[in-house]
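> Handing you a structure now.
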Amino acid sequence: MVIAQQEAVEVSLDDEQTITKQRRPLSRNGLVWRRLRGMPRFWVGAIAFGLIVILSIVGPFVTPWSITDRDIYNMGMGPTLRHWFGTNSIGQDIFAQTMAGLQKSLIIGLVAGILGTLLAAVIGSVAGYVGGTTDKVISWFTHLLLVVPSFFILILLSPLFKSLSWVALTFFLAIFSWMIMAQVVRNQTRSLRNRDFVRAARYMGLPTRKILSRHILPNIASLLIIDVTLGIVSMIMSETSLSYFGFGVQKPDVSLGTLLADGTSAALTRPWLFVFPAGVLIVLLFAISLIGDALRDAIDPTSGANRA
Amino acid sequence: MTLYVLRRFVNYAILSLIATCMAYVLASSIFRPGDAFYGRNPRPPQASIDASLAQLGQSPDVPVIARLWHWLVGLFTQGSLGITIGKQPVVEEIIARSGASLRLLLIGSIIGAVVGVLLGVWGAVRQYRASDQIVTYGSFLIFATPTFVVGVLLMIGATALNNSIGVQLITFTGEYSAGISGSWWDLTLDRAVHLLLPTLALVLMSAASYSRYQRSVMLDVLGADYIRTARSKGLERGPALFRHGVRIALIPMSTFFAYSFGTLVAGSAMLEIVFSWRGMGQFLLQAVNTNDVNAAAGSTLFVAILVLLSSTFSEIIYAALDPRVRS
């Protein structure tokens, strides 16, 4: 709050008009937004991400080719006006395939990223707030899941979700992604739990569920927002990696991972089969990471790169 | 300090063992090792399939817990991890394959950590200069690239390089050239050339994340009072930064190292598969594809031991750097 007032004063000194317009000090969200607006990183990331999302929605309607179409007169061609990203050895249009894969990878990443953060929030705050045996058991279980990297656990479990659809994959990705964030949430909750406002709520007889959802979680919301963006990046990475090695999305569904797997064998002779889907994937992940990093600096200016 | 490290080690060891047991139980209840035999043409007689499954310790009549017990007894009494579907002892397979995997993982993670720490310190000292910006955005870009994509892009780049100079300068398929013979020196050189691209990919990947973290920790340290004290005592800037700054900044790094090691192991396994190495990554992949429970459990144990060792190692470094832990 001190920072908020200081900045409000700076604003009023900068511009006399704002004094009349801005009677209240900036709200926390307003402050974060003001800092975000001033970061080129945020705009680069947000615009790139927006363009990719629009591309994934509009792209399939712009191209005359569908993912099953085969142009038998132009098999294995490089990028042309007819086929923007070229074609593969059986004449399928790589642009259409990339768009379909992008859609799937985006949806899986968004859903799994959000679910993973929700899990981390619930598990971490319960462990930190309830404490005692519950905390010990949850902490022990968290450490156990961290012993074997989740990529390997997911490979071991892949026979379970391979036969189901990609929706099952989304849930499995989320189930094995919450551990580190839950530990962070737990530690934050422990420091909040004996603050006056939480204590007051407890003495007023509010049930634990309500204390967590009304008093604890809103106070660590900023952490969770950052975690969602970074979680989406790591979920898209896990999905494409699993699909690339044949353990994730299965045919006939297409994701960027399966597309890259198809493109690899010919990557050295027909690079467009690999380079275009890979480029779209990298731009997507780069954009979200930039947004996440800008958010972290805007929400918590005392951490990381923003410090003077 | 020894007691502290020992206690942590025992704690990690128990967790690793339980994780491996859970992996065995999961694999044993999910995999269908029978498929490998039922799918054969002509189909073997039922009695011989049952005998093969029993030999693997995977009879469908035996409950999963009993299979796990049998496997654990074999592990602790004979040091055996069972046999693979191809009737090879799992321990022998792991010994044959782990050399290549460990070489890539160790060389890659050590170079990656050193490069990452140096880049991070450099970026913090020269904050907001052009060099810092380039390193920051570069590490972001690599961070946003899945490991297997880095691997394949390096392969495409190396092929372009080979074609442009007309010599097969960089070879990258497999762990060594097929049918190579010659002196010890030739063999080593051949392996080193094959190691180049996967190691480069692993170094890029780990240096990108270490440098980001090190830069932010180092920025914390640079503003601290003890650096000013050291300077005001008359210490030059360089020694002050290194003796008082980097050493302190490395303390949180040792914890980060333990956390990120799992990602590194997974990344290195992916790179092995991308570059068609006969390593542990391919072993796990094959185990899942052939429904091989013993091989899957064996490779999980291998990974768990690696994580155990790296965690202990980072505890030792932590204790060595931070005097408060030692007492």
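In the structure tokens, chains take letters A, B, ... by order of appearance, with residues numbered from 1 within each chain and ligands from 1 in the order shown.
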Contacts of stretch 268-276 of chain A at 9 Å or less, counting only C-alpha atoms, minus same-chain residues fewer than 6 places along, as a list in words?
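Within the cut-off, the hits are Gly76, Met77, Gly78, Pro79, Phe85, Gly86, Thr87, Asn88, Ile94, Phe95, Thr98, Leu259, Leu260, Ala261 and Asp262 of chain A; Val149, Val152, Leu153, Met155, Ile156, Gly157, Thr159 and Ala160 of chain B.
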> Keeping only N, CA and C atoms, write the selected residues as an mmCIF file, in the first residue's frame.

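Dumped everything to result19.cif:
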data_model
loop_
_atom_site.group_PDB
_atom_site.id
_atom_site.type_symbol
_atom_site.label_atom_id
_atom_site.label_comp_id
_atom_site.auth_asym_id
_atom_site.auth_seq_id
_atom_site.Cartn_x
_atom_site.Cartn_y
_atom_site.Cartn_z
ATOM 1 N N GLY A 76 5.452 -33.569 -51.287
ATOM 2 C CA GLY A 76 6.816 -33.276 -50.842
ATOM 3 C C GLY A 76 7.359 -31.972 -51.364
ATOM 4 N N MET A 77 6.461 -30.978 -51.584
ATOM 5 C CA MET A 77 6.904 -29.685 -52.113
ATOM 6 C C MET A 77 7.272 -28.746 -50.969
ATOM 7 N N GLY A 78 8.208 -27.831 -51.258
ATOM 8 C CA GLY A 78 8.541 -26.789 -50.295
ATOM 9 C C GLY A 78 7.423 -25.762 -50.252
ATOM 10 N N PRO A 79 7.597 -24.718 -49.437
ATOM 11 C CA PRO A 79 6.558 -23.695 -49.332
ATOM 12 C C PRO A 79 6.306 -23.015 -50.681
ATOM 13 N N PHE A 85 3.083 -23.665 -46.084
ATOM 14 C CA PHE A 85 4.145 -24.309 -45.308
ATOM 15 C C PHE A 85 4.658 -25.558 -46.036
ATOM 16 N N GLY A 86 4.331 -25.729 -47.329
ATOM 17 C CA GLY A 86 4.759 -26.906 -48.060
ATOM 18 C C GLY A 86 3.835 -28.091 -47.826
ATOM 19 N N THR A 87 4.222 -29.231 -48.411
ATOM 20 C CA THR A 87 3.435 -30.456 -48.226
ATOM 21 C C THR A 87 4.357 -31.582 -47.809
ATOM 22 N N ASN A 88 3.780 -32.643 -47.220
ATOM 23 C CA ASN A 88 4.602 -33.792 -46.846
ATOM 24 C C ASN A 88 4.606 -34.818 -47.969
ATOM 25 N N ILE A 94 0.912 -28.724 -44.952
ATOM 26 C CA ILE A 94 1.504 -28.588 -43.615
ATOM 27 C C ILE A 94 0.883 -27.421 -42.851
ATOM 28 N N PHE A 95 0.452 -26.358 -43.568
ATOM 29 C CA PHE A 95 -0.177 -25.240 -42.864
ATOM 30 C C PHE A 95 -1.451 -25.702 -42.164
ATOM 31 N N THR A 98 -0.513 -27.795 -39.232
ATOM 32 C CA THR A 98 0.042 -27.005 -38.133
ATOM 33 C C THR A 98 -1.063 -26.295 -37.364
ATOM 34 N N LEU A 259 2.944 -33.793 -35.000
ATOM 35 C CA LEU A 259 3.349 -33.202 -36.268
ATOM 36 C C LEU A 259 4.877 -33.135 -36.369
ATOM 37 N N LEU A 260 5.519 -32.721 -35.260
ATOM 38 C CA LEU A 260 6.973 -32.640 -35.237
ATOM 39 C C LEU A 260 7.574 -34.035 -35.348
ATOM 40 N N ALA A 261 6.926 -35.025 -34.720
ATOM 41 C CA ALA A 261 7.422 -36.394 -34.817
ATOM 42 C C ALA A 261 7.389 -36.860 -36.267
ATOM 43 N N ASP A 262 6.270 -36.539 -36.973
ATOM 44 C CA ASP A 262 6.177 -36.922 -38.386
ATOM 45 C C ASP A 262 7.238 -36.216 -39.217
ATOM 46 N N VAL B 149 13.200 -30.329 -29.716
ATOM 47 C CA VAL B 149 13.277 -29.390 -30.836
ATOM 48 C C VAL B 149 14.690 -28.815 -30.944
ATOM 49 N N VAL B 152 16.794 -31.513 -32.666
ATOM 50 C CA VAL B 152 16.591 -31.677 -34.114
ATOM 51 C C VAL B 152 17.072 -30.440 -34.865
ATOM 52 N N LEU B 153 16.846 -29.246 -34.308
ATOM 53 C CA LEU B 153 17.320 -28.031 -34.979
ATOM 54 C C LEU B 153 18.846 -28.041 -35.088
ATOM 55 N N MET B 155 20.619 -30.705 -35.333
ATOM 56 C CA MET B 155 20.921 -31.680 -36.398
ATOM 57 C C MET B 155 20.775 -31.037 -37.773
ATOM 58 N N ILE B 156 19.685 -30.259 -37.955
ATOM 59 C CA ILE B 156 19.473 -29.593 -39.240
ATOM 60 C C ILE B 156 20.621 -28.619 -39.510
ATOM 61 N N GLY B 157 21.002 -27.874 -38.462
ATOM 62 C CA GLY B 157 22.097 -26.919 -38.606
ATOM 63 C C GLY B 157 23.405 -27.608 -38.966
ATOM 64 N N THR B 159 23.821 -30.477 -40.441
ATOM 65 C CA THR B 159 23.767 -30.990 -41.817
ATOM 66 C C THR B 159 24.025 -29.869 -42.811
ATOM 67 N N ALA B 160 23.420 -28.708 -42.547
ATOM 68 C CA ALA B 160 23.644 -27.568 -43.433
ATOM 69 C C ALA B 160 25.123 -27.201 -43.448
#
> Pull out every residue of chain B sitting within 7 Å of chain A, counting only C-alpha atoms, and send them as a list in words.
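Listed by rising number, the hits are Leu15, Ser16, Ala19, Ala27, Ile30, Phe140, Leu141, Ala144, Thr145, Pro146, Val149, Ile156, Thr159, Ser216, Gly262, Thr263, Ala266, Val288, Val303, Ala304 and Val307 of chain B.
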> Quick one: distance from atom CA of B:Arg191 to atom CA of B:Ser177 in Å, one decimal?
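These atoms are spaced 7.9 Å apart.
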> List the neighbours of B:Leu189 out to 12 Å using only C-alpha atoms; skip same-chain residues closer than 3 positions along the sequence, and give me the result as a CSV table (one decimal) with N, CA and C atoms, in the first residue's frame.

chain,number,residue,atom,x,y,z
B,170,ILE,N,30.7,-32.9,-38.7
B,170,ILE,CA,30.0,-33.2,-37.4
B,170,ILE,C,29.1,-34.4,-37.7
B,171,THR,N,29.4,-35.5,-37.1
B,171,THR,CA,28.5,-36.7,-37.2
B,171,THR,C,27.7,-36.8,-35.9
B,175,GLU,N,25.8,-43.2,-30.9
B,175,GLU,CA,26.8,-42.8,-29.9
B,175,GLU,C,28.2,-42.9,-30.4
B,176,TYR,N,28.4,-43.7,-31.4
B,176,TYR,CA,29.7,-43.8,-32.1
B,176,TYR,C,29.4,-44.3,-33.5
B,177,SER,N,30.4,-44.2,-34.5
B,177,SER,CA,30.2,-44.6,-35.8
B,177,SER,C,30.0,-46.1,-35.9
B,180,ILE,N,33.2,-48.9,-36.4
B,180,ILE,CA,34.5,-48.2,-36.4
B,180,ILE,C,35.5,-49.1,-35.7
B,181,SER,N,36.8,-49.0,-36.2
B,181,SER,CA,37.8,-49.7,-35.5
B,181,SER,C,39.1,-48.8,-35.6
B,182,GLY,N,40.1,-49.1,-34.8
B,182,GLY,CA,41.3,-48.3,-34.8
B,182,GLY,C,41.8,-48.2,-33.4
B,183,SER,N,42.7,-47.2,-33.2
B,183,SER,CA,43.4,-47.1,-31.9
B,183,SER,C,42.4,-46.5,-30.9
B,184,TRP,N,42.9,-46.5,-29.7
B,184,TRP,CA,42.1,-46.0,-28.6
B,184,TRP,C,41.7,-44.5,-28.8
B,185,TRP,N,42.7,-43.8,-29.4
B,185,TRP,CA,42.6,-42.4,-29.7
B,185,TRP,C,41.5,-42.2,-30.7
B,186,ASP,N,41.5,-43.0,-31.8
B,186,ASP,CA,40.5,-42.8,-32.8
B,186,ASP,C,39.1,-43.0,-32.2
B,192,ALA,N,33.8,-38.5,-29.0
B,192,ALA,CA,33.7,-37.1,-28.7
B,192,ALA,C,32.9,-36.3,-29.7
B,193,VAL,N,33.2,-36.6,-31.0
B,193,VAL,CA,32.5,-35.9,-32.1
B,193,VAL,C,31.0,-36.2,-32.0
B,194,HIS,N,30.6,-37.5,-31.7
B,194,HIS,CA,29.2,-37.8,-31.6
B,194,HIS,C,28.6,-37.2,-30.3
B,195,LEU,N,29.4,-36.9,-29.3
B,195,LEU,CA,28.9,-36.3,-28.1
B,195,LEU,C,28.6,-34.8,-28.3
B,196,LEU,N,29.2,-34.2,-29.3
B,196,LEU,CA,29.2,-32.8,-29.4
B,196,LEU,C,27.8,-32.2,-29.4
> Excluding stretch 91-106 of chain B and its own-chain neighbours fewer than 4 positions away, which residues fall within 7 Å of it when counting only C-alpha atoms? Please give them as a PyMOL selection string.
chain B and resi 80-81+110+199+265+268+278-280
> Those same residues, written as a short mmCIF file (atom, residue, chain, number, x, y, z; two decimals), in the first residue's frame with C-alpha atoms?

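Final file, again.cif:
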data_model
loop_
_atom_site.label_atom_id
_atom_site.label_comp_id
_atom_site.auth_asym_id
_atom_site.auth_seq_id
_atom_site.Cartn_x
_atom_site.Cartn_y
_atom_site.Cartn_z
CA SER B 80 18.86 -58.79 -9.38
CA LEU B 81 16.24 -56.63 -11.07
CA ILE B 110 28.55 -29.61 -15.31
CA THR B 199 25.97 -32.11 -25.12
CA VAL B 265 17.60 -36.09 -16.54
CA SER B 268 19.00 -35.82 -21.45
CA ARG B 278 21.54 -46.86 -27.08
CA GLY B 279 21.12 -45.38 -23.60
CA MET B 280 18.78 -45.42 -20.64
#
> For B:Val5, find every residue with an atom within 7 Å (counting only C-alpha atoms), except residues of its own chain fewer than 5 positions away, and show them as a PyMOL selection string.
chain B and resi 312+315-316
> Restrict the selected residues to N, CA and C atoms and save them as a tab-separated table (two decimals), in the first residue's frame.

chain	number	residue	atom	x	y	z
B	312	THR	N	21.74	-35.27	-2.62
B	312	THR	CA	22.74	-35.34	-1.57
B	312	THR	C	23.92	-34.43	-1.88
B	315	GLU	N	23.06	-30.98	-1.14
B	315	GLU	CA	23.06	-30.73	0.31
B	315	GLU	C	24.49	-30.50	0.80
B	316	ILE	N	25.43	-31.31	0.25
B	316	ILE	CA	26.83	-31.16	0.68
B	316	ILE	C	27.35	-29.78	0.30
